[in-house]
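Quick notes on the structure that follows.
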Amino acid sequence: MRIVVSGGGTGGHIYPALALIKEIKRNHADVEFLYIGTEKGLEKKIVEREGIPFKSIEITGFKRSLSFENIKTIMRFLKGVNKSRRYLKEFKADVVIGSGGFVCGPVVYAAAKSNIPTVIHEQNSLPGITNKFLARYVDKIAICFEEARSFFPENKTVLTGNPRASEVVGVDGAKGRASLGLKPGKKSVLIFGGSRGAKPINDAVLEMINSIDQKDYEVIYVTGEVHYEKVMMEAGKTRKSDKLIIKPFIHNMPEVLAGVDLIVSRAGATSLAEITALGLPSILIPSPYVTANHQEKNAKALSDSGAALVLLEKDLSGKRLEEKIDDILLNSENLNKMKKASKELGIPDAAQRLYKLMKEIV
Ligand SMILES: CC(=O)N[C@H]1[C@@H](OP(=O)(O)OP(=O)(O)OC[C@H]2O[C@@H](n3ccc(=O)[nH]c3=O)[C@H](O)[C@@H]2O)O[C@H](CO)[C@@H](O)[C@@H]1O
């Protein structure tokens with residue numbers, strides 16, 4: 001069996017695809033994979049790190065307003081479809097899986113038009129533009145939130161959850177803690193701003209950085225690769241603390257997530273699937289810069305059930321963030337209630353469900 005996977009731009013589209021690849025490999029050691037992404041997105045680096053063959057096409061997103069750039073995007077899309085057809089033919093693909101992001105548009109479309117079975121995976125409660133476009137061409141659509149169902153044809157749509165959830169359960173949190181040098185028996189909070197980092201979250205952490213040394217917990221703070229140098233320069237001006245660990249990016253995220261007690265993050269759908277699969281409490285700061293404010297809707301699904309606290313970016317400050325972390329982490333009753341609510345939302349067998357769906361069409 002030869003499987004093409006495509007999806008990217010950000011980690012939220014890439015990691016679910018990689019988790020599905022792992023699940024397929026677990027069931028069939030002899031399957032061959034080809035990943036099609038762009039050179040510019042995070043996918044090239046992440047996918048090649050996993051030793052999966054990678055090919056690229058060029059694509060950009062549509063602007064919502066009338067713009068000359070959209071004509072260029074249509075040209076790139078058509079070129080991308082041609083290139084994808086060539087890749088699919090050369091590779092002799094038996095099935096094509098798209099996990100969202102602009103790049104999977106031309107790839108999955110080319111596959112459907114070449115009569116190759118196709119599945120797309122939608123991580124968000126409010127679907128992205130690419131998956132909405134692909135919906136009528138593909139064989140199956142896997143969703144993670146019931147709210148997404150109404151956007152897709154009923155007969156092809158199945159709730160599977162996000163396969164990345166399956167990758168974080170059952171992993172050894174002690175390994176994650178050891179990789180960061182966390183002290184045994186101390187509580188810890190992991191702060192990150194999605195796969196690329198988020199400047200407003202970085203600013204808030206820099207504001208609270210001086211009080212971390214007095215806390216009875218440790219802070220792991222991930223800046224995002226592009227923000228790292230600047231944050232380190234700012235952080236270097238203040239007193240150092242061995243209760244604060246700063247990283248540009250974490251590659252062993254499943255182990256780290258399994259080893260910490262509280263998450264502060266954006267509300268990207270893949271992060272939420274990981275958090276709920278592990279039953280972790282969280283403080284969510286939805287990005288207001290995403291299509292149709294979909295992160296706020298993702299976050300609401302958790303906060304409505306008591307699994308998370310939502311802190312809107314307009315209300316974010318170092319002081320507010322610090323207060324909320326203290327409220328949860330230093331109050332075991334709060335912590336336990338949130339953990340329980342979070343666990344109830346998780347779909348830890350999502351990878352198996354998605355694998356089963358893929359098998360149905362092959
Ligand atoms: C700005 C933007 O468009 N964001 C979208 C993007 O977010 P983004 O890529 O930030 O997505 P998520 O928060 O959903 O997922 C991030 C992924 O990266 C991993 N990770 C993160 C940091 C790190 O240091 N190491 C690491 O491995 C996380 O564990 C997770 O698996 O895709 C999501 C899923 O479609 C959407 O819901 C988000 O709205």
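Going by the structure tokens order, chains are called A, B, ..., each with residues numbered from 1, while ligands are numbered from 1 in the order shown.
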
Inset, instruction - Fewer than 3 positions away in the same chain doesn't count, so skip those; otherwise give me all residues within 12 Å of Val138 in chain A, counting only C-alpha atoms, as a VMD selection string. - result: chain A and resid 95 to 98 104 to 105 107 to 121 130 to 135 141 to 142 152 to 153 155 to 157 358 361

Please save C-alpha atoms of the selected residues as a compact mmCIF listing (two decimals), in the first residue's frame.
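Saved as part.txt:
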```txt
# COMPACT_ATOMS: atom_id res chain seq x y z
CA VAL A 95 -5.07 6.63 -1.08
CA VAL A 96 -4.60 10.33 -0.27
CA ILE A 97 -5.21 11.90 3.13
CA GLY A 98 -5.47 15.65 3.69
CA CYS A 104 -3.73 19.96 0.83
CA GLY A 105 -6.18 21.75 -1.53
CA VAL A 107 -3.09 17.61 -3.62
CA VAL A 108 -6.44 16.17 -2.52
CA TYR A 109 -8.27 17.75 -5.47
CA ALA A 110 -5.78 16.19 -7.92
CA ALA A 111 -6.25 12.81 -6.22
CA ALA A 112 -10.04 12.96 -6.34
CA LYS A 113 -9.96 13.95 -10.01
CA SER A 114 -7.60 10.98 -10.67
CA ASN A 115 -10.08 8.61 -8.96
CA ILE A 116 -7.76 7.91 -6.04
CA PRO A 117 -9.69 7.39 -2.74
CA THR A 118 -9.47 10.44 -0.48
CA VAL A 119 -10.10 11.34 3.16
CA ILE A 120 -9.80 14.76 4.77
CA HIS A 121 -9.42 15.49 8.46
CA THR A 130 -9.65 24.33 2.11
CA ASN A 131 -11.64 21.51 3.66
CA LYS A 132 -14.94 23.23 2.83
CA PHE A 133 -13.81 23.44 -0.80
CA LEU A 134 -12.63 19.80 -0.87
CA ALA A 135 -15.73 18.40 0.84
CA ILE A 141 -14.54 13.60 5.98
CA ALA A 142 -13.29 13.03 9.52
CA PHE A 152 -20.20 18.88 5.39
CA PRO A 153 -22.31 16.32 3.46
CA ASN A 155 -23.31 10.80 4.30
CA LYS A 156 -19.50 11.17 4.21
CA THR A 157 -18.87 12.76 7.59
CA MET A 358 -9.37 5.16 5.85
CA ILE A 361 -12.38 3.48 1.38
```

Inset, instruction - Enumerate as a PyMOL selection string the residues within 7 Å of ligand 1, counting only C-alpha atoms and all ligand atoms. - result: chain A and resi 10-13+15+100+123-124+164+192-196+222+224+248-254+266-272+287+289-290+294-295

Could you turn the residues from that selection into a file that holds N, CA and C atoms, as a JSON list (two decimals), in the first residue's frame?
```
[["chain", "number", "residue", "atom", "x", "y", "z"],
["A", 10, "THR", "N", 0.97, 25.02, 9.65],
["A", 10, "THR", "CA", 1.25, 25.06, 11.09],
["A", 10, "THR", "C", 1.17, 23.65, 11.68],
["A", 11, "GLY", "N", 1.70, 23.51, 12.90],
["A", 11, "GLY", "CA", 1.76, 22.21, 13.58],
["A", 11, "GLY", "C", 0.39, 21.56, 13.76],
["A", 12, "GLY", "N", -0.64, 22.40, 13.92],
["A", 12, "GLY", "CA", -1.99, 21.89, 14.17],
["A", 12, "GLY", "C", -2.51, 21.04, 13.03],
["A", 13, "HIS", "N", -1.96, 21.21, 11.82],
["A", 13, "HIS", "CA", -2.35, 20.38, 10.68],
["A", 13, "HIS", "C", -1.35, 19.24, 10.45],
["A", 15, "TYR", "N", 0.87, 17.61, 12.87],
["A", 15, "TYR", "CA", 0.96, 16.54, 13.87],
["A", 15, "TYR", "C", -0.17, 15.51, 13.79],
["A", 100, "GLY", "N", -5.67, 19.38, 6.22],
["A", 100, "GLY", "CA", -5.94, 20.80, 6.36],
["A", 100, "GLY", "C", -4.75, 21.70, 6.07],
["A", 123, "GLN", "N", -9.77, 19.50, 11.94],
["A", 123, "GLN", "CA", -9.49, 19.54, 13.39],
["A", 123, "GLN", "C", -10.43, 20.48, 14.15],
["A", 124, "ASN", "N", -10.94, 21.51, 13.47],
["A", 124, "ASN", "CA", -11.64, 22.58, 14.19],
["A", 124, "ASN", "C", -13.16, 22.41, 14.22],
["A", 164, "ARG", "N", -3.81, 12.91, 16.96],
["A", 164, "ARG", "CA", -2.71, 13.31, 17.84],
["A", 164, "ARG", "C", -3.05, 12.99, 19.31],
["A", 192, "PHE", "N", 2.67, 27.92, 26.18],
["A", 192, "PHE", "CA", 3.11, 28.05, 24.79],
["A", 192, "PHE", "C", 2.00, 28.69, 23.95],
["A", 193, "GLY", "N", 2.39, 29.26, 22.82],
["A", 193, "GLY", "CA", 1.40, 29.98, 21.99],
["A", 193, "GLY", "C", 1.18, 29.29, 20.66],
["A", 194, "GLY", "N", 0.73, 28.04, 20.70],
["A", 194, "GLY", "CA", 0.53, 27.29, 19.46],
["A", 194, "GLY", "C", 1.87, 26.86, 18.88],
["A", 195, "SER", "N", 1.88, 26.38, 17.66],
["A", 195, "SER", "CA", 3.12, 25.82, 17.11],
["A", 195, "SER", "C", 4.11, 26.90, 16.68],
["A", 196, "ARG", "N", 3.64, 28.12, 16.50],
["A", 196, "ARG", "CA", 4.55, 29.19, 16.08],
["A", 196, "ARG", "C", 4.86, 30.19, 17.18],
["A", 222, "VAL", "N", 7.51, 28.20, 26.29],
["A", 222, "VAL", "CA", 7.96, 27.99, 24.92],
["A", 222, "VAL", "C", 7.63, 29.25, 24.11],
["A", 224, "GLY", "N", 8.23, 29.98, 20.80],
["A", 224, "GLY", "CA", 8.07, 29.94, 19.34],
["A", 224, "GLY", "C", 9.44, 30.27, 18.75],
["A", 248, "PRO", "N", 12.72, 27.48, 22.63],
["A", 248, "PRO", "CA", 12.12, 28.03, 21.40],
["A", 248, "PRO", "C", 11.00, 27.15, 20.89],
["A", 249, "PHE", "N", 11.13, 25.83, 21.02],
["A", 249, "PHE", "CA", 10.15, 24.86, 20.51],
["A", 249, "PHE", "C", 10.42, 23.56, 21.26],
["A", 250, "ILE", "N", 9.38, 22.76, 21.45],
["A", 250, "ILE", "CA", 9.57, 21.46, 22.11],
["A", 250, "ILE", "C", 9.24, 20.37, 21.10],
["A", 251, "HIS", "N", 10.22, 19.51, 20.83],
["A", 251, "HIS", "CA", 9.97, 18.45, 19.85],
["A", 251, "HIS", "C", 9.34, 17.20, 20.47],
["A", 252, "ASN", "N", 9.58, 16.98, 21.78],
["A", 252, "ASN", "CA", 8.99, 15.80, 22.42],
["A", 252, "ASN", "C", 7.73, 16.19, 23.21],
["A", 253, "MET", "N", 6.83, 16.92, 22.54],
["A", 253, "MET", "CA", 5.65, 17.47, 23.22],
["A", 253, "MET", "C", 4.79, 16.40, 23.92],
["A", 254, "PRO", "N", 4.52, 15.22, 23.30],
["A", 254, "PRO", "CA", 3.69, 14.25, 24.03],
["A", 254, "PRO", "C", 4.25, 13.93, 25.42],
["A", 266, "ARG", "N", -2.71, 28.99, 23.36],
["A", 266, "ARG", "CA", -3.72, 29.39, 22.41],
["A", 266, "ARG", "C", -4.77, 28.28, 22.40],
["A", 267, "ALA", "N", -5.79, 28.39, 21.53],
["A", 267, "ALA", "CA", -6.82, 27.34, 21.51],
["A", 267, "ALA", "C", -6.86, 26.64, 20.16],
["A", 268, "GLY", "N", -5.69, 26.33, 19.63],
["A", 268, "GLY", "CA", -5.60, 25.53, 18.40],
["A", 268, "GLY", "C", -6.19, 24.15, 18.66],
["A", 269, "ALA", "N", -6.90, 23.62, 17.67],
["A", 269, "ALA", "CA", -7.67, 22.40, 17.89],
["A", 269, "ALA", "C", -6.81, 21.19, 18.24],
["A", 270, "THR", "N", -5.62, 21.11, 17.66],
["A", 270, "THR", "CA", -4.80, 19.93, 17.94],
["A", 270, "THR", "C", -4.26, 19.97, 19.37],
["A", 271, "SER", "N", -3.87, 21.14, 19.82],
["A", 271, "SER", "CA", -3.44, 21.27, 21.22],
["A", 271, "SER", "C", -4.59, 20.87, 22.15],
["A", 272, "LEU", "N", -5.80, 21.29, 21.83],
["A", 272, "LEU", "CA", -6.94, 20.96, 22.70],
["A", 272, "LEU", "C", -7.21, 19.46, 22.72],
["A", 287, "SER", "N", -6.48, 32.77, 19.83],
["A", 287, "SER", "CA", -5.96, 33.77, 18.91],
["A", 287, "SER", "C", -7.14, 34.46, 18.23],
["A", 289, "TYR", "N", -6.80, 36.27, 15.67],
["A", 289, "TYR", "CA", -6.36, 36.56, 14.30],
["A", 289, "TYR", "C", -6.65, 35.41, 13.34],
["A", 290, "VAL", "N", -7.51, 34.47, 13.72],
["A", 290, "VAL", "CA", -7.77, 33.31, 12.86],
["A", 290, "VAL", "C", -9.15, 33.46, 12.21],
["A", 294, "HIS", "N", -12.27, 31.18, 15.01],
["A", 294, "HIS", "CA", -12.61, 29.79, 15.33],
["A", 294, "HIS", "C", -11.95, 29.28, 16.62],
["A", 295, "GLN", "N", -10.83, 29.91, 17.02],
["A", 295, "GLN", "CA", -10.20, 29.41, 18.26],
["A", 295, "GLN", "C", -11.07, 29.70, 19.49]]
```

Inset, instruction - May I ask which of the residues A:Cys144, A:Ile24, A:Ile52, A:Val4 is the closest one to Ser84 in chain A, counting only C-alpha atoms? - result: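 Checking each candidate against Ser84 in chain A, we get A:Val4 as the closest.
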
Inset, instruction - Among the residues of range 186-285 of chain A, find those DSSP assigns to strand (DSSP E) from the backbone and print them as a list in words. - result: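 In range 186-285 of chain A, DSSP puts these residues in strand (DSSP E): Lys187, Ser188, Val189, Leu190, Ile191, Phe192, Tyr217, Glu218, Val219, Ile220, Tyr221, Val222, Leu244, Ile245, Ile246, Lys247, Leu262, Ile263, Val264, Ser265, Ser282, Ile283 and Leu284 of chain A.
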
Inset, instruction - Would you mind reading off the distance between CA of Gly279 in chain A and CA of Asp326 in chain A, one decimal, in Å? - result: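 Computing the Euclidean distance for CA of Gly279 in chain A and CA of Asp326 in chain A yields 18.9 Å.
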
Legend entry - For range 336-352 of chain A: contacts at 8 Å, only C-alpha atoms, fewer than 3 positions along chain excluded, given as JSON, numbers by chain: {"A": [19, 20, 23, 160, 161, 162, 163, 164, 165, 166, 169, 273, 274, 275, 276, 277, 278, 279, 280, 281, 302, 305, 306, 307, 308, 332, 333, 355, 356]}

Inset, instruction - Take CA of Leu335 in chain A and CA of Asn298 in chain A and report the distance between them in Å, one decimal. - result: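 Atom-to-atom, CA of Leu335 in chain A and CA of Asn298 in chain A are spaced 20.7 Å apart.
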
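Each of A:Ala204, A:Ile283, A:Val226, A:Ala258 was checked against Gly318 in chain A using only C-alpha atoms; the smallest atom-to-atom distance is that of A:Ala204.
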
Legend entry - Option closest in space to Phe91 in chain A, from A:Met233, A:Leu34, A:Val219, A:Val47 [counting only C-alpha atoms]: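 Comparing A:Met233, A:Leu34, A:Val219, A:Val47 against Phe91 in chain A, the winner is A:Leu34.
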
Inset, instruction - Within range 96-258 of chain A, find each residue whose DSSP state, derived from the backbone, is alpha helix (DSSP H), and express the selection as JSON, numbers by chain. - result: {"A": [104, 105, 106, 107, 108, 109, 110, 111, 112, 113, 129, 130, 131, 132, 133, 134, 164, 165, 166, 167, 168, 173, 174, 175, 176, 177, 178, 179, 180, 199, 200, 201, 202, 203, 204, 205, 206, 207, 208, 228, 229, 230, 231, 232, 233, 234, 235, 236, 253, 254, 255, 256, 257, 258]}

Please, could you write that set of residues out with C-alpha atoms as a PDB file, in the first residue's frame?
```pdb
ATOM      1  CA  CYS A 104      -3.733  19.961   0.829  1.00  0.00           C
ATOM      2  CA  GLY A 105      -6.181  21.754  -1.530  1.00  0.00           C
ATOM      3  CA  PRO A 106      -4.385  20.993  -4.829  1.00  0.00           C
ATOM      4  CA  VAL A 107      -3.093  17.610  -3.621  1.00  0.00           C
ATOM      5  CA  VAL A 108      -6.441  16.168  -2.518  1.00  0.00           C
ATOM      6  CA  TYR A 109      -8.270  17.750  -5.467  1.00  0.00           C
ATOM      7  CA  ALA A 110      -5.776  16.191  -7.916  1.00  0.00           C
ATOM      8  CA  ALA A 111      -6.246  12.814  -6.219  1.00  0.00           C
ATOM      9  CA  ALA A 112     -10.042  12.959  -6.335  1.00  0.00           C
ATOM     10  CA  LYS A 113      -9.955  13.947 -10.013  1.00  0.00           C
ATOM     11  CA  ILE A 129     -11.710  27.133   3.729  1.00  0.00           C
ATOM     12  CA  THR A 130      -9.651  24.332   2.108  1.00  0.00           C
ATOM     13  CA  ASN A 131     -11.644  21.505   3.657  1.00  0.00           C
ATOM     14  CA  LYS A 132     -14.936  23.233   2.832  1.00  0.00           C
ATOM     15  CA  PHE A 133     -13.812  23.437  -0.801  1.00  0.00           C
ATOM     16  CA  LEU A 134     -12.633  19.802  -0.868  1.00  0.00           C
ATOM     17  CA  ARG A 164      -2.710  13.309  17.844  1.00  0.00           C
ATOM     18  CA  ALA A 165      -4.769  12.613  20.978  1.00  0.00           C
ATOM     19  CA  SER A 166      -3.822   8.942  20.728  1.00  0.00           C
ATOM     20  CA  GLU A 167      -0.166   9.838  20.522  1.00  0.00           C
ATOM     21  CA  VAL A 168      -0.066  11.586  23.879  1.00  0.00           C
ATOM     22  CA  GLY A 173       5.610  11.927  31.536  1.00  0.00           C
ATOM     23  CA  ALA A 174       8.677  11.286  33.718  1.00  0.00           C
ATOM     24  CA  LYS A 175      10.776  11.239  30.542  1.00  0.00           C
ATOM     25  CA  GLY A 176       9.366  14.606  29.509  1.00  0.00           C
ATOM     26  CA  ARG A 177      10.105  16.047  32.949  1.00  0.00           C
ATOM     27  CA  ALA A 178      13.626  14.645  32.875  1.00  0.00           C
ATOM     28  CA  SER A 179      14.248  16.110  29.397  1.00  0.00           C
ATOM     29  CA  LEU A 180      13.540  19.571  30.826  1.00  0.00           C
ATOM     30  CA  LYS A 199       3.818  37.580  20.841  1.00  0.00           C
ATOM     31  CA  PRO A 200       0.958  38.676  23.179  1.00  0.00           C
ATOM     32  CA  ILE A 201       1.521  35.574  25.327  1.00  0.00           C
ATOM     33  CA  ASN A 202       5.274  36.203  25.279  1.00  0.00           C
ATOM     34  CA  ASP A 203       4.699  39.794  26.442  1.00  0.00           C
ATOM     35  CA  ALA A 204       2.490  38.617  29.303  1.00  0.00           C
ATOM     36  CA  VAL A 205       5.041  36.036  30.458  1.00  0.00           C
ATOM     37  CA  LEU A 206       7.837  38.613  30.324  1.00  0.00           C
ATOM     38  CA  GLU A 207       5.679  40.834  32.565  1.00  0.00           C
ATOM     39  CA  MET A 208       5.286  38.125  35.208  1.00  0.00           C
ATOM     40  CA  TYR A 228      13.172  33.110  20.874  1.00  0.00           C
ATOM     41  CA  GLU A 229      16.160  35.445  20.481  1.00  0.00           C
ATOM     42  CA  LYS A 230      14.167  38.558  21.254  1.00  0.00           C
ATOM     43  CA  VAL A 231      12.535  36.971  24.312  1.00  0.00           C
ATOM     44  CA  MET A 232      15.896  35.751  25.598  1.00  0.00           C
ATOM     45  CA  MET A 233      17.319  39.258  25.284  1.00  0.00           C
ATOM     46  CA  GLU A 234      14.382  40.667  27.257  1.00  0.00           C
ATOM     47  CA  ALA A 235      14.426  37.832  29.790  1.00  0.00           C
ATOM     48  CA  GLY A 236      18.200  38.243  30.229  1.00  0.00           C
ATOM     49  CA  MET A 253       5.654  17.473  23.217  1.00  0.00           C
ATOM     50  CA  PRO A 254       3.694  14.253  24.030  1.00  0.00           C
ATOM     51  CA  GLU A 255       6.164  13.378  26.828  1.00  0.00           C
ATOM     52  CA  VAL A 256       6.261  16.939  28.122  1.00  0.00           C
ATOM     53  CA  LEU A 257       2.465  17.301  28.123  1.00  0.00           C
ATOM     54  CA  ALA A 258       2.172  14.022  29.996  1.00  0.00           C
TER      55      ALA A 258
END
```

Inset, instruction - Using CA of Met1 in chain A and CA of Phe77 in chain A as the two end points, give the distance in Å to one decimal. - result: 27.5 Å

Inset, instruction - Identify which of the residues A:Ala29, A:Ile143, A:Leu284, A:Leu321 lies closest to Ile209 in chain A, counting only C-alpha atoms when measuring atom-to-atom distances. - result: A:Leu321

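Ranking A:Ile325, A:Ile57, A:Ile3, A:Val31 by their shortest atom-to-atom distance to Arg86 in chain A, with only C-alpha atoms included, puts A:Ile57 first.
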
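Minimum atom-to-atom distance to Glu58 in chain A, evaluated using only C-alpha atoms, belongs to A:Phe102 out of A:Tyr87, A:Tyr137, A:Phe102, A:Tyr217.
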